[in-house]
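> For reference, this is input.csv, and it has CSV, C-alpha atoms.
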chain,number,residue,atom,x,y,z
G,1,MET,CA,40.8,102.7,133.1
G,2,ALA,CA,44.3,103.4,131.8
G,3,GLY,CA,45.8,106.9,131.9
G,4,SER,CA,47.9,108.2,129.1
G,5,VAL,CA,51.6,109.0,128.9
G,6,ASP,CA,53.5,111.7,127.0
G,7,LEU,CA,56.6,110.0,125.7
G,8,PRO,CA,59.7,111.9,124.7
G,9,VAL,CA,60.1,112.8,121.0
G,10,VAL,CA,63.6,112.6,119.5
G,11,ASP,CA,64.3,114.3,116.2
G,12,LEU,CA,66.9,112.2,114.3
G,13,ALA,CA,67.6,115.1,112.0
G,14,SER,CA,68.9,117.3,114.9
G,15,PRO,CA,72.3,118.7,114.2
G,16,ASP,CA,73.1,118.6,117.9
G,17,LEU,CA,73.9,114.9,118.4
G,18,ARG,CA,74.9,115.3,122.0
G,19,ALA,CA,71.5,116.9,122.9
G,20,ALA,CA,69.7,114.1,120.9
G,21,ALA,CA,71.7,111.5,122.8
G,22,ALA,CA,70.9,113.1,126.1
G,23,SER,CA,67.2,113.0,125.2
G,24,VAL,CA,67.5,109.3,124.2
G,25,ARG,CA,69.2,108.5,127.5
G,26,GLN,CA,66.6,110.2,129.5
G,27,ALA,CA,63.9,108.4,127.6
G,28,CYS,CA,65.5,105.0,128.1
G,29,VAL,CA,66.1,105.7,131.9
G,30,GLU,CA,62.6,107.0,132.6
G,31,HIS,CA,60.3,105.3,130.1
G,32,GLY,CA,62.0,102.7,128.0
G,33,PHE,CA,59.9,104.0,125.1
G,34,PHE,CA,60.1,107.1,122.9
G,35,TYR,CA,59.2,108.4,119.5
G,36,VAL,CA,61.5,109.4,116.7
G,37,THR,CA,60.8,111.8,113.9
G,38,ASN,CA,62.7,112.6,110.7
G,39,HIS,CA,63.8,109.0,110.8
G,40,GLY,CA,64.2,108.5,107.0
G,41,VAL,CA,61.5,105.9,106.6
G,42,ASP,CA,59.3,107.2,103.8
G,43,ALA,CA,55.6,107.3,104.5
G,44,GLY,CA,54.8,105.8,101.1
G,45,LEU,CA,57.0,102.8,101.9
G,46,VAL,CA,55.3,102.3,105.3
G,47,GLU,CA,51.9,102.4,103.6
G,48,ALA,CA,53.1,99.8,101.0
G,49,VAL,CA,54.1,97.5,103.8
G,50,PHE,CA,50.7,97.9,105.5
G,51,ALA,CA,48.9,97.3,102.2
G,52,GLU,CA,50.8,94.0,101.7
G,53,SER,CA,50.2,93.0,105.3
G,54,ARG,CA,46.5,93.6,105.1
G,55,ARG,CA,46.2,91.6,101.9
G,56,PHE,CA,48.0,88.6,103.4
G,57,PHE,CA,46.0,88.6,106.7
G,58,GLY,CA,42.8,88.9,104.6
G,59,LEU,CA,43.5,85.4,103.1
G,60,PRO,CA,41.5,82.4,104.3
G,61,MET,CA,43.1,80.6,107.2
G,62,GLU,CA,44.0,77.6,105.2
G,63,GLU,CA,46.0,79.7,102.7
G,64,LYS,CA,47.9,81.5,105.5
G,65,MET,CA,48.6,78.2,107.3
G,66,LYS,CA,50.6,77.0,104.2
G,67,LEU,CA,53.3,79.4,105.4
G,68,GLN,CA,53.0,78.4,109.1
G,69,ARG,CA,56.1,79.4,111.1
G,70,THR,CA,59.2,77.3,110.9
G,71,ASN,CA,62.7,78.5,112.0
G,72,HIS,CA,60.8,81.5,113.6
G,73,ARG,CA,59.8,82.7,110.1
G,74,GLY,CA,56.4,82.7,108.5
G,75,TYR,CA,52.8,82.8,109.7
G,76,THR,CA,51.7,82.5,113.4
G,77,PRO,CA,48.0,82.1,113.9
G,78,PRO,CA,45.9,83.4,116.7
G,79,TYR,CA,46.5,81.8,120.1
G,80,ALA,CA,49.8,80.3,119.0
G,81,GLU,CA,51.8,82.7,121.1
G,82,LYS,CA,51.4,83.5,124.8
G,83,LEU,CA,53.6,86.4,125.8
G,84,ASP,CA,52.4,86.6,129.4
G,85,ALA,CA,53.0,83.1,130.9
G,86,SER,CA,50.6,83.9,133.8
G,87,SER,CA,47.7,84.6,131.4
G,88,GLU,CA,44.6,82.4,132.0
G,89,PHE,CA,44.0,82.2,128.2
G,90,VAL,CA,45.5,79.7,125.9
G,91,GLY,CA,47.2,82.4,123.8
G,92,ASP,CA,47.0,85.9,122.6
G,93,LEU,CA,44.5,87.1,120.0
G,94,LYS,CA,46.9,88.4,117.4
G,95,GLU,CA,48.1,86.8,114.3
G,96,SER,CA,51.5,87.6,112.8
G,97,PHE,CA,54.1,87.0,110.1
G,98,TYR,CA,57.8,86.9,110.8
G,99,ILE,CA,60.6,87.8,108.3
G,100,GLY,CA,64.1,87.1,109.5
G,101,PRO,CA,67.5,88.1,108.2
G,102,ILE,CA,67.4,88.0,104.4
G,103,GLY,CA,70.7,86.2,103.9
G,104,ASP,CA,73.1,86.9,101.1
G,105,SER,CA,72.3,88.8,97.9
G,106,ASP,CA,71.4,85.8,95.8
G,107,MET,CA,69.0,84.5,98.5
G,108,GLN,CA,71.0,81.2,98.8
G,109,ASN,CA,71.0,81.4,102.6
G,110,ASP,CA,67.5,82.7,103.0
G,111,LEU,CA,65.4,80.8,105.5
G,112,ASN,CA,62.4,82.9,105.1
G,113,GLN,CA,59.0,81.9,103.8
G,114,TRP,CA,57.5,84.1,101.1
G,115,PRO,CA,54.0,84.3,99.7
G,116,SER,CA,53.8,83.3,96.1
G,117,GLU,CA,55.1,85.9,93.7
G,118,GLU,CA,52.1,85.2,91.4
G,119,ARG,CA,49.7,86.3,94.1
G,120,PHE,CA,51.9,88.9,95.9
G,121,PRO,CA,54.3,90.2,93.2
G,122,SER,CA,55.5,93.2,95.2
G,123,TRP,CA,55.7,91.5,98.6
G,124,LYS,CA,59.3,90.4,98.8
G,125,GLU,CA,60.8,93.6,97.3
G,126,THR,CA,58.6,95.8,99.5
G,127,MET,CA,59.6,94.0,102.7
G,128,LYS,CA,63.3,93.9,101.7
G,129,LEU,CA,63.3,97.6,101.1
G,130,TYR,CA,61.6,98.4,104.4
G,131,ILE,CA,64.0,96.2,106.3
G,132,ALA,CA,67.0,97.9,104.8
G,133,THR,CA,65.6,101.3,105.4
G,134,VAL,CA,64.5,100.7,109.0
G,135,LEU,CA,67.8,98.9,109.8
G,136,ASP,CA,69.6,102.1,108.8
G,137,THR,CA,67.4,104.1,111.2
G,138,GLY,CA,67.9,101.6,113.9
G,139,LYS,CA,71.7,101.9,113.6
G,140,ARG,CA,71.4,105.7,113.9
G,141,ILE,CA,69.4,105.2,117.1
G,142,LEU,CA,72.0,102.8,118.5
G,143,SER,CA,74.7,105.4,117.9
G,144,LEU,CA,72.7,107.9,120.0
G,145,ILE,CA,72.2,105.2,122.6
G,146,ALA,CA,76.0,104.7,122.7
G,147,LEU,CA,76.7,108.4,123.1
G,148,GLY,CA,74.1,108.6,125.8
G,149,LEU,CA,76.0,105.8,127.7
G,150,ASP,CA,79.3,107.8,127.4
G,151,LEU,CA,80.6,105.5,124.7
G,152,ASP,CA,81.9,106.1,121.3
G,153,ALA,CA,79.1,106.7,118.8
G,154,GLU,CA,80.4,103.7,116.8
G,155,PHE,CA,80.7,101.4,119.8
G,156,PHE,CA,78.1,98.8,118.6
G,157,HIS,CA,79.8,98.7,115.2
G,158,LYS,CA,83.3,98.4,116.6
G,159,ILE,CA,82.4,95.4,118.8
G,160,GLY,CA,80.8,93.6,115.8
G,161,ALA,CA,77.3,93.7,117.1
G,162,LEU,CA,76.1,95.2,113.8
G,163,ASP,CA,78.0,92.8,111.6
G,164,CYS,CA,75.1,90.7,110.2
G,165,PRO,CA,72.8,91.7,113.1
G,166,SER,CA,69.9,89.6,114.1
G,167,THR,CA,66.9,91.4,112.5
G,168,PHE,CA,63.3,90.3,112.4
G,169,LEU,CA,60.4,92.1,110.9
G,170,ARG,CA,57.0,91.2,112.3
G,171,LEU,CA,53.7,92.0,110.7
G,172,LEU,CA,50.9,92.0,113.2
G,173,HIS,CA,47.1,91.9,112.9
G,174,TYR,CA,44.7,92.3,115.8
G,175,PRO,CA,41.1,91.3,115.3
G,176,ALA,CA,38.2,93.7,115.6
G,177,GLU,CA,35.7,91.2,117.1
G,178,VAL,CA,36.4,89.1,120.1
G,179,ASN,CA,34.5,85.9,121.1
G,180,GLU,CA,32.7,85.9,124.4
G,181,SER,CA,35.1,83.2,125.6
G,182,ASP,CA,38.0,85.7,125.0
G,183,SER,CA,36.5,88.5,127.0
G,184,GLY,CA,39.4,89.9,129.0
G,185,ASN,CA,42.0,88.5,126.7
G,186,TYR,CA,44.6,90.7,125.0
G,187,GLY,CA,45.7,91.2,121.5
G,188,ALA,CA,49.2,90.9,122.9
G,189,SER,CA,49.5,90.1,126.6
G,190,ALA,CA,51.9,91.9,128.9
G,191,HIS,CA,55.6,91.4,128.0
G,192,SER,CA,58.9,93.1,127.5
G,193,ASP,CA,60.9,92.6,124.3
G,194,TYR,CA,63.8,90.3,124.5
G,195,GLY,CA,66.6,92.0,122.5
G,196,ALA,CA,68.2,95.4,122.0
G,197,ILE,CA,65.7,97.8,120.4
G,198,THR,CA,62.3,97.6,118.6
G,199,LEU,CA,61.1,100.1,116.0
G,200,LEU,CA,57.3,100.1,115.6
G,201,VAL,CA,54.8,101.6,113.2
G,202,THR,CA,51.1,101.4,113.7
G,203,ASP,CA,48.0,102.2,111.6
G,204,GLY,CA,46.9,104.7,114.2
G,205,THR,CA,44.4,102.4,115.9
G,206,PRO,CA,44.8,102.7,119.7
G,207,GLY,CA,45.5,99.7,122.0
G,208,LEU,CA,49.2,99.9,122.9
G,209,GLN,CA,49.8,100.4,126.6
G,210,ILE,CA,52.9,100.5,128.8
G,211,CYS,CA,53.6,99.8,132.4
G,212,ARG,CA,56.7,101.7,133.6
G,213,GLU,CA,57.0,100.0,137.0
G,214,LYS,CA,57.2,96.3,136.5
G,215,ASP,CA,57.1,95.4,140.1
G,216,ARG,CA,54.3,97.8,141.2
G,217,ASP,CA,51.2,96.1,142.5
G,218,PRO,CA,48.7,96.9,141.2
G,219,GLN,CA,50.3,97.7,137.9
G,220,LEU,CA,49.6,101.1,136.4
G,221,TRP,CA,49.0,101.0,132.6
G,222,GLU,CA,49.2,104.0,130.4
G,223,ASP,CA,48.0,104.5,126.7
G,224,VAL,CA,50.6,105.3,124.1
G,225,HIS,CA,49.3,107.8,121.6
G,226,HIS,CA,49.8,107.6,117.9
G,227,ILE,CA,51.8,110.5,116.3
G,228,ASP,CA,51.5,110.7,112.5
G,229,GLY,CA,54.8,110.0,110.8
G,230,ALA,CA,56.7,109.0,114.0
G,231,LEU,CA,58.2,105.6,114.8
G,232,ILE,CA,57.8,104.2,118.3
G,233,VAL,CA,61.0,102.9,119.8
G,234,ASN,CA,61.5,100.7,122.8
G,235,ILE,CA,64.4,99.0,124.4
G,236,GLY,CA,64.5,95.3,125.2
G,237,ASP,CA,65.7,93.1,128.0
G,238,LEU,CA,69.1,92.5,126.4
G,239,LEU,CA,69.9,96.3,126.4
G,240,GLU,CA,68.6,96.5,130.0
G,241,ARG,CA,71.0,93.7,130.9
G,242,TRP,CA,73.9,95.3,129.0
G,243,THR,CA,73.4,98.6,130.9
G,244,ASN,CA,73.1,96.9,134.3
G,245,CYS,CA,69.5,98.1,134.5
G,246,VAL,CA,70.4,101.8,134.0
G,247,PHE,CA,68.1,101.6,131.0
G,248,ARG,CA,64.7,100.0,131.5
G,249,SER,CA,62.9,97.4,129.4
G,250,THR,CA,59.3,98.3,129.9
G,251,LEU,CA,56.3,96.0,130.1
G,252,HIS,CA,53.8,96.7,127.3
G,253,ARG,CA,50.6,95.1,125.9
G,254,VAL,CA,47.9,95.6,123.3
G,255,VAL,CA,44.3,95.7,124.5
G,256,ALA,CA,41.3,94.8,122.4
G,257,VAL,CA,39.5,98.1,121.4
G,258,GLY,CA,36.7,96.6,119.2
G,259,LYS,CA,38.5,97.8,116.1
G,260,GLU,CA,40.9,96.0,113.7
G,261,ARG,CA,44.5,97.0,114.2
G,262,HIS,CA,47.7,96.5,112.2
G,263,SER,CA,51.2,97.2,113.2
G,264,VAL,CA,54.7,96.4,112.0
G,265,ALA,CA,57.6,95.8,114.5
G,266,PHE,CA,61.2,95.7,113.5
G,267,PHE,CA,63.5,94.0,116.1
G,268,LEU,CA,67.2,95.0,115.9
G,269,ASP,CA,69.4,92.7,117.9
G,270,PRO,CA,73.1,92.2,118.0
G,271,ASN,CA,75.0,89.6,115.9
G,272,SER,CA,74.2,86.3,117.7
G,273,ASP,CA,77.9,85.9,118.7
G,274,THR,CA,78.1,89.2,120.4
G,275,LEU,CA,79.1,88.9,124.1
G,276,VAL,CA,76.8,91.0,126.2
G,277,GLU,CA,78.5,92.0,129.4
G,278,CYS,CA,78.0,95.0,131.7
G,279,LEU,CA,79.2,98.2,130.1
G,280,GLU,CA,82.0,100.0,132.0
G,281,SER,CA,80.0,103.2,132.2
G,282,CYS,CA,77.1,101.3,133.9
G,283,CYS,CA,78.8,99.7,136.8
G,284,SER,CA,81.0,100.7,139.7
G,285,GLU,CA,82.2,99.3,143.1
G,286,ALA,CA,78.9,100.5,144.6
G,287,ASP,CA,76.9,99.0,141.7
G,288,PRO,CA,78.7,95.9,140.4
G,289,PRO,CA,77.4,93.9,137.4
G,290,ARG,CA,74.1,92.2,138.1
G,291,PHE,CA,74.3,89.7,135.3
G,292,PRO,CA,77.0,87.3,134.0
G,293,PRO,CA,78.2,87.7,130.4
G,294,ILE,CA,76.1,85.9,127.8
G,295,ARG,CA,76.1,85.5,124.0
G,296,SER,CA,73.2,87.5,122.4
G,297,GLY,CA,72.0,84.6,120.4
G,298,GLU,CA,71.9,82.2,123.3
G,299,TYR,CA,69.9,84.7,125.4
G,300,ILE,CA,67.3,85.6,122.8
G,301,THR,CA,66.8,82.0,121.6
G,302,GLY,CA,66.1,80.9,125.1
G,303,ARG,CA,63.5,83.7,125.5
G,304,ILE,CA,61.8,82.9,122.2
G,305,ASN,CA,61.6,79.2,123.0
G,306,SER,CA,59.8,79.9,126.3
G,307,THR,CA,57.1,81.9,124.4
G,308,TYR,CA,55.9,79.2,122.0
G,309,LYS,CA,54.4,76.0,123.5
Just give me the structure of the file as structure tokens.


Amino acid sequence: MAGSVDLPVVDLASPDLRAAAASVRQACVEHGFFYVTNHGVDAGLVEAVFAESRRFFGLPMEEKMKLQRTNHRGYTPPYAEKLDASSEFVGDLKESFYIGPIGDSDMQNDLNQWPSEERFPSWKETMKLYIATVLDTGKRILSLIALGLDLDAEFFHKIGALDCPSTFLRLLHYPAEVNESDSGNYGASAHSDYGAITLLVTDGTPGLQICREKDRDPQLWEDVHHIDGALIVNIGDLLERWTNCVFRSTLHRVVAVGKERHSVAFFLDPNSDTLVECLESCCSEADPPRFPPIRSGEYITGRINSTYK
């Protein structure tokens, strides 16, 4: 049985930015996960995204497969993704839908796949509004992360990481019923996220668990509770690398709980040309850089390609 964890809660409306940054730093060092409140993402907008998501995943499989993933955008059916390479199962139970960077304003450079406007008249505008809103929230969180690393609050802006950042929205659906052959399989098997930060909303159904000590044997898994109105934020491997492992990218998974579950994850990663090298505040003579510099896009693309077989 998993225990439970009380993650830190960071109020993004706090007038004391330094205190908020200190809270974020502590959360990133000790947990790699935290909640944010007063984040500016309207509850009505979140529910609209969930409503569109539920409608899409409720379609017959043949309809969903018309939008099967290409260019890492579109529909991914159950078992197509295996986040934990050591899993004995062919793939994870979840199905998902990816929406990547939107492109320019007239959609000329848009590589995304969109459900038909006739059937889903509000889908595109709902998703675009949510992406724009949660991106703004993510930028505010990155400013607090920068302050917590003794950097200028605008550090990530100034180095160009947030000029056309790599953003992906992922709609996720976990099934209520599991076949006997899938007994012991996971909705999402154990993994850490690849990039900088992830902002997650869920429908309140339990199942998300974290393991704070990756190398512990046996692993200790803890349930992450739902807090109404809060976003769950976690840092990814790229930010762990950037900080020379001062911040931790935490293993997490979704267990099957016998109940249907929906969530929406927003991945905010740097512009693909951003050079990720050890931050000066995170290394010293006694603790030199552990990783060579690498372009953000090169690193994340390599990680994604290893997930899909």

> Which residues come within 9 Å of Phe50 (chain G), counting all atoms listed in the file, excluding same-chain residues fewer than 2 positions away, as a short mmCIF file (atom, residue, chain, number, x, y, z; two decimals) with C-alpha atoms, in the frame of the given file?


data_model
loop_
_atom_site.label_atom_id
_atom_site.label_comp_id
_atom_site.auth_asym_id
_atom_site.auth_seq_id
_atom_site.Cartn_x
_atom_site.Cartn_y
_atom_site.Cartn_z
CA LEU G 45 57.00 102.80 101.90
CA VAL G 46 55.30 102.30 105.30
CA GLU G 47 51.90 102.40 103.60
CA ALA G 48 53.10 99.80 101.00
CA GLU G 52 50.80 94.00 101.70
CA SER G 53 50.20 93.00 105.30
CA ARG G 54 46.50 93.60 105.10
CA ARG G 55 46.20 91.60 101.90
CA LEU G 171 53.70 92.00 110.70
CA THR G 202 51.10 101.40 113.70
CA ASP G 203 48.00 102.20 111.60
CA HIS G 262 47.70 96.50 112.20
CA SER G 263 51.20 97.20 113.20
CA VAL G 264 54.70 96.40 112.00
#

> Pick out the closest residue to Ser96 (chain G) from this set: G:Ser143, G:Gln113, G:Thr37, G:Thr76. Count only C-alpha atoms.

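When distances to Ser96 (chain G) are compared using only C-alpha atoms, the smallest one comes from G:Thr76.
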
> Of the residues G:Leu208, G:Cys28, G:Val276, G:Met61, which is the one nearest to His225 (chain G), using all atoms listed in the file?

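Closest to His225 (chain G), using all atoms listed in the file: G:Leu208.
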
> Would you kindly return, as a compact mmCIF listing (two decimals) with C-alpha atoms, keeping the file's coordinate frame, each protein, DNA or RNA residue with an atom no farther than 12 Å from any atom of Glu240 (chain G), considering all atoms listed in the file and excluding same-chain residues fewer than 4 positions away?


# COMPACT_ATOMS: atom_id res chain seq x y z
CA CYS G 28 65.50 105.00 128.10
CA VAL G 29 66.10 105.70 131.90
CA GLY G 32 62.00 102.70 128.00
CA ILE G 145 72.20 105.20 122.60
CA SER G 192 58.90 93.10 127.50
CA ASP G 193 60.90 92.60 124.30
CA TYR G 194 63.80 90.30 124.50
CA GLY G 195 66.60 92.00 122.50
CA ALA G 196 68.20 95.40 122.00
CA ILE G 197 65.70 97.80 120.40
CA ASN G 234 61.50 100.70 122.80
CA ILE G 235 64.40 99.00 124.40
CA GLY G 236 64.50 95.30 125.20
CA ASN G 244 73.10 96.90 134.30
CA CYS G 245 69.50 98.10 134.50
CA VAL G 246 70.40 101.80 134.00
CA PHE G 247 68.10 101.60 131.00
CA ARG G 248 64.70 100.00 131.50
CA SER G 249 62.90 97.40 129.40
CA THR G 250 59.30 98.30 129.90
CA VAL G 276 76.80 91.00 126.20
CA GLU G 277 78.50 92.00 129.40
CA CYS G 278 78.00 95.00 131.70
CA LEU G 279 79.20 98.20 130.10
CA CYS G 282 77.10 101.30 133.90
CA PRO G 289 77.40 93.90 137.40
CA ARG G 290 74.10 92.20 138.10
CA PHE G 291 74.30 89.70 135.30

> Near Arg170 (chain G), counting all atoms listed in the file, which residues have an atom at most 7 Å away, once you skip same-chain residues fewer than 3 positions from it, shown as a list of chain:residue names?

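So the residues in contact are G:Ser96, G:Phe97, G:Tyr98, G:Ile99, G:Val264, G:Ala265, G:Phe266.
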
> Considering only C-alpha atoms, tabulate each residue of region 149-193 of chain G that lies at most 12 Å from region 14-21 of chain G along with its nearest interatomic pair and the corresponding distance in Å to one decimal; arrange the rows by chain and ascending residue number and present them as CSV.


residue,atom,partner,partner_atom,distance
G:Leu149,CA,G:Ala21,CA,8.7
G:Asp150,CA,G:Ala21,CA,9.6
G:Leu151,CA,G:Ala21,CA,10.9
G:Asp152,CA,G:Arg18,CA,11.6
G:Ala153,CA,G:Ala21,CA,9.7

> Could you please determine the separation between CA of Ile159 (chain G) and CA of Thr274 (chain G) in Å, to one decimal place?

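These two atoms are separated by 7.7 Å.
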
> For region 267-270 of chain G, please output as a count of residues only all residues within 8 Å (counting all atoms listed in the file; exclusion window: fewer than 3 positions along the same chain).

17

> Work out how far CA of Trp242 (chain G) is from CA of Cys283 (chain G), in Å to one decimal.

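Going from CA of Cys283 (chain G) over to CA of Trp242 (chain G), I get 10.2 Å.
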
> Between G:Val254, G:Ile300, G:Leu231, G:Ala80, which one has atoms that come closest to Ser272 (chain G), using only C-alpha atoms?

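Counting only C-alpha atoms, the residue closest to Ser272 (chain G) is G:Ile300.
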
> Out of G:Asp223, G:Asp11, G:Glu298, G:Glu30, which residue has the shortest atom-to-atom distance to Arg253 (chain G) when counting only C-alpha atoms?

G:Asp223

> With only C-alpha atoms as the basis for distance, which of G:Tyr174, G:Tyr130, G:Phe156, G:Tyr299 is at the shortest distance from Ala43 (chain G)?

G:Tyr130

> Would you mind listing what lies within 12 Å of Asp6 (chain G) as a PyMOL selection string, with only C-alpha atoms counted and same-chain residues fewer than 6 positions away left out?

chain G and resi 27+30-31+33-35+209-210+222-227

> In Å to one decimal, how far is CA of Ser23 (chain G) from CA of Pro288 (chain G)?

25.6 Å

> Taking into account only C-alpha atoms, which residue in the set G:Phe56, G:Phe120, G:Phe155, G:Trp114 is nearest to Gly74 (chain G)?

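Of the candidates, the smallest distance to Gly74 (chain G) is held by G:Trp114.
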
> With all heavy atoms as the goal, would you fill in the gaps in region 77-85 of chain G and present it as a compact mmCIF listing (two decimals), keeping the file's coordinate frame?


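The file below, selection.txt, is the result:
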# COMPACT_ATOMS: atom_id res chain seq x y z
N PRO G 77 49.39 81.81 113.72
CA PRO G 77 48.00 82.10 113.90
C PRO G 77 47.58 82.57 115.24
O PRO G 77 48.41 82.55 116.17
CB PRO G 77 47.34 80.67 113.61
CG PRO G 77 48.39 79.72 114.05
CD PRO G 77 49.71 80.36 113.71
N PRO G 78 46.34 83.04 115.41
CA PRO G 78 45.90 83.40 116.70
C PRO G 78 46.04 82.31 117.74
O PRO G 78 45.95 81.13 117.38
CB PRO G 78 44.39 83.77 116.50
CG PRO G 78 44.30 84.12 115.04
CD PRO G 78 45.31 83.25 114.36
N TYR G 79 46.33 82.68 118.97
CA TYR G 79 46.50 81.80 120.10
C TYR G 79 47.75 80.95 120.12
O TYR G 79 48.00 80.21 121.07
CB TYR G 79 45.27 80.80 120.22
CG TYR G 79 43.92 81.48 120.18
CD1 TYR G 79 43.07 81.31 119.09
CD2 TYR G 79 43.49 82.31 121.22
CE1 TYR G 79 41.83 81.93 119.04
CE2 TYR G 79 42.26 82.94 121.19
CZ TYR G 79 41.43 82.75 120.10
OH TYR G 79 40.21 83.37 120.05
N ALA G 80 48.58 81.07 119.11
CA ALA G 80 49.80 80.30 119.00
C ALA G 80 50.90 80.82 119.95
O ALA G 80 51.85 80.11 120.28
CB ALA G 80 50.32 80.18 117.61
N GLU G 81 50.77 82.07 120.32
CA GLU G 81 51.80 82.70 121.10
C GLU G 81 51.17 83.24 122.41
O GLU G 81 50.08 83.81 122.41
CB GLU G 81 52.40 83.89 120.33
CG GLU G 81 53.56 84.57 121.02
CD GLU G 81 54.09 85.73 120.19
OE1 GLU G 81 53.38 86.75 120.10
OE2 GLU G 81 55.18 85.62 119.64
N LYS G 82 51.88 83.04 123.51
CA LYS G 82 51.40 83.50 124.80
C LYS G 82 52.55 84.29 125.46
O LYS G 82 53.47 83.71 126.04
CB LYS G 82 51.00 82.31 125.67
CG LYS G 82 50.37 82.65 127.01
CD LYS G 82 49.87 81.38 127.67
CE LYS G 82 49.25 81.65 129.02
NZ LYS G 82 48.68 80.42 129.62
N LEU G 83 52.50 85.61 125.33
CA LEU G 83 53.60 86.40 125.80
C LEU G 83 53.67 86.56 127.30
O LEU G 83 54.73 86.69 127.89
CB LEU G 83 53.50 87.84 125.16
CG LEU G 83 53.75 87.89 123.65
CD1 LEU G 83 53.40 89.24 123.08
CD2 LEU G 83 55.20 87.53 123.33
N ASP G 84 52.50 86.51 127.95
CA ASP G 84 52.40 86.60 129.40
C ASP G 84 52.13 85.14 129.91
O ASP G 84 51.00 84.66 129.78
CB ASP G 84 51.35 87.54 129.86
CG ASP G 84 51.24 87.65 131.37
OD1 ASP G 84 51.97 86.91 132.08
OD2 ASP G 84 50.43 88.45 131.86
N ALA G 85 53.14 84.49 130.47
CA ALA G 85 53.00 83.10 130.90
C ALA G 85 51.90 82.93 131.96
O ALA G 85 51.34 81.84 132.13
CB ALA G 85 54.29 82.54 131.40
